[in-house]
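Read through the structure below, which is laid out as structure tokens, and then see the notes.
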Amino acid sequence: MKILWVLLLSATAQANEIVFPNYSVVAEDKPYLSQDVNNTNIIYTEENKQHAEHTAGFEMLLQPIYEDTFGYQMDTQLSVGLISSYNQIANGFSTQFPSNRQVNYMGGAQLPDYFSSSSWLDMLLLHETAHNYQVNAKENVVSSSMFKVFRNGGIFFPFFPATTPNLFESSFMLEGNAVLNESWHGRGGRLYSGRYRAMNYVHAKAGNLTKERMYNQTKNFPYGEGHYIFGSQYQYYLAETYGLDTTNKYFKNRSKNWYFPFTVNEPTKETFGVNFNTTFSAWAEKMEYEARSVKLAEGHILGRSKYYSDMNTKDSEVLFLTMERGVSSPKLFQYNKQNKTIKYETASLALGRVFPLEDGFYTVSARHTSPWRITQGLFDEDGMIKPGSEGKIIQGYLSDGQEVYFDTTKSYVSPQLFVGDEFYAAVNSSVIVKDDHLYYFIQNGKKRTLFRDKQALYTLDGFYSIVADVDSSGAVYFIANSKMGSSLYKVNNGNVSRVLNADNVVAAKLAGDNQVIVEAISADDYYYALIDLNISDEDPYVVKLMWDDIEHPLHDRLSNFDKVESIALDEPMEYGFFNNFSYTMGSFIAGEDENGDSSANLFVTYSDPLGYNELTLKAQKDGYQSLLLGTRYSNNEHFILYGVDAFYVADNGLEDVAAFVDTRDYGIALDVKLPFLKQGYWAGQLQVGYYQDYIDLDREPVSLNVSVSRQQSFGHSFYTNEIAHSNFFVTHDRGDNITGSTFGFSTDLPLEFYAGFNGKYAASDSNANRAEYQGVKLESNVSFIGNDPSSFHIPSLLGDVFAKQVTYGEVNLSKVFNGSAYYFKFPLSLQREAVSIAYRRYQIEGVDGVAGVNDVEINQASLALSFDASIVNKAVVRYVLEMVHNDSKEITDSNFLFGRLEIPF
């Protein structure tokens, strides 16, 4: 019950924010259209109509296949969004929130080598639709009945029968199965990737394939990517051993567990006849046995990195970025091939292929270039896009300065290669520009052909090959599958040979004198090593999965999508709230504090698939034991984000304890935001707030808040690596004007130390009056309604205080430790922890409401322990336990211990 109360406080802390930025699409996006095709709602922009019609035809073929193999038909309409070119992102996602939907972005040309697929769009549809079938399943009467009432919400009092049980499944199972299902339709997929195979075998060789590491959310290399890599290999083992349909029906069987939706052994045994422990151990043993023959690249180590970053060559130098610990800004390495020297410097660049240009270093990335655009292009160390590179995935430059690039807006299916303003070819790999020649691969069915300019040089079977470099003789070096992973090959005049006796190589650049710099996989990181070539007469290994066998029952299904008939979308509607909204969630959350006082929230929410609009009917019982009924509406579609929250006090809990308080029977709160800056590492926002306080009839503060910040985060850093922020605010209420500002700065230091300072000042032009709720407010709890930037939150307060002026300052120091303890059966696993100390000083002048007190000075010392933890192998939370000591007892406790739970979204 106590932890529910803490969770409720966490929800309360965000309740005064009514509207939030949209996490699916940018504000002021291009107009969308929508049309229903059977049980699917296709959402698209006019520029993507051709792809939308392909998607409609693709889904009509795919869904019956998935219904058959998963053994389940989705219980609600699926919304499939093809997002506009204002959102250039190399990703997509599937979710049940706010409804059964998937969002597919067009930016896949940024990662042309990663997915081993012939079509970015088709791969997204195969992968994300598999997620929709996995998670939408509800094979029990309790969940299906609750869904009819609560949709994707539920009851949390004091336990939770799961409305959507498979939401609680580990990403190891969900992502692994989605990669399995993206890979058996003749379109390639990551099961064909040598990088995935190498990563799997290297970890098997190191003995890392354990349930505790695989099934959990961990901070072990390769981090979240591991769920896709290892999970897909485990899922393929299941499919090969027990059958694909049996493997996919696991999710139907798992969804029976409404009462304890965290179990994996029971549904595994029901599906396969043996439990998860048995199947996992059998797979791990098989991988470890096979991995005995894996050869690892050995040579002079130049650098190490926790994250992958491609290499590039400029004149006589090889350039690459590393993040050795994965928690601080990258280092840029430059290896000189002529004098065999290497140098490095810190560079705040996004990881990727480095381009040294006249005005500095750049890498290809995707970032906000305004609050209303996410753009791919070349970005510098300040996170600023190079003018003229917008929407271009630069591959290199010709000697006359012409850009060689993929056009993002034209590459929804496969990368569309341009030279200058002229279209060159549709390709299926990254491009190497060498002596004004272009080298790349094109996929045709199950074969890949290497080209130099428009001339075919070599054809191989498979879906995985990457051009690495070209030597002075014209021989082309390329990465491709080896039997045990990924290695380096070369082709010269049609003759192919393997040039490294290593199975863990995923990128390479020639370094002269019969040497090569490789990027290779270890069990702990990627490493860059200088290695001598070792040439042998060996062709790339052809990965043949079970369905590639002509005798296998699945083989005939590989051609299902060779000829997809597009469905004409001739009767679309303009996308809007009223023609796309639906009831999406109802939820009830309740808890109790140590005094036995209960708190509760009941929400009924209507929204649309893109998340532009949200309408919520609510009933809340707050910490004062008041019952509030109300309606909340928010809209984040346009430049201005706005929300309104109207409430009615049905039962006033204050009347029993404070009859003298003249409370309000009903009121409203407004939240209006204008993000005016989001570029590079900078963000800025103007916010206007207004609310009518139900606790005091006359209190109706209006606030104006302008905030600006600069923030840098790298890898999986525990805290933000560097942040500087400030805001200025004005609050007006009944003739009382409060002005003030906040500021802060923090930075990372060596050895994962972090240091910073914060300050805040607020002053009223009138004297404080507690009876009238006037002045600068200091509060121990956060109100459900209203957003007053001038208030101070001090958990150790004895009660709410009003003052004429408050000045606050803080200095802090934190140290991150990386002790971890992962468990499979125990519901809590520790990822890492931090210890923080802080000194805070409050100077509070003109206090009213505390007998005998006028001015108060508080010196506060704080010791905080923070823990990142994985809960039931799925959710990552941060629990902070803080002990404060105040040298004043006038308005605060002398010693106060409290905890808070932070849940990242």
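Identifiers for the structure tokens are assigned positionally: chains receive A, B, ... in sequence, residues are indexed from 1 per chain, and ligands are indexed from 1 in the order shown.
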### Query
Out of region 403-579 of chain A, which residues get strand (DSSP E or B) from DSSP, as a ChimeraX atom specification?
/A:403-407,416-419,422-426,432-434,437-444,447-452,455-461,465-470,476-482,485-492,495-498,504-512,515-521,526-532,536,573-574
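In this model, the gap between CA of Lys148 (chain A) and CA of Ser99 (chain A) comes to 13.0 Å.
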### Task
Find the spatial neighbours of Asp513 (chain A), counting only C-alpha atoms, within a cut-off of 10 Å - ignore same-chain residues fewer than 3 positions away - and output them as a PyMOL selection string.
chain A and resi 337-338+510+516+532-533
Closest pair table for region 306-420 of chain A residues within 9 Å of region 27-31 of chain A, only C-alpha atoms, as a tab-separated table:
```
residue	atom	partner	partner_atom	distance
A:Pro371	CA	A:Ala27	CA	7.4
A:Trp372	CA	A:Ala27	CA	5.3
A:Arg373	CA	A:Asp29	CA	8.1
```
Selected residues written out, N, CA, C and O atoms, as an mmCIF file, in the first residue's frame:
```cif
data_model
loop_
_atom_site.group_PDB
_atom_site.id
_atom_site.type_symbol
_atom_site.label_atom_id
_atom_site.label_comp_id
_atom_site.auth_asym_id
_atom_site.auth_seq_id
_atom_site.Cartn_x
_atom_site.Cartn_y
_atom_site.Cartn_z
ATOM 1 N N PRO A 371 11.253 23.449 -33.158
ATOM 2 C CA PRO A 371 10.254 22.692 -32.388
ATOM 3 C C PRO A 371 9.291 21.911 -33.272
ATOM 4 O O PRO A 371 8.582 21.031 -32.775
ATOM 5 N N TRP A 372 9.290 22.199 -34.576
ATOM 6 C CA TRP A 372 8.280 21.632 -35.460
ATOM 7 C C TRP A 372 8.871 20.781 -36.571
ATOM 8 O O TRP A 372 8.152 20.400 -37.496
ATOM 9 N N ARG A 373 10.173 20.474 -36.503
ATOM 10 C CA ARG A 373 10.803 19.652 -37.526
ATOM 11 C C ARG A 373 11.877 18.754 -36.896
ATOM 12 O O ARG A 373 12.667 19.213 -36.066
#
```
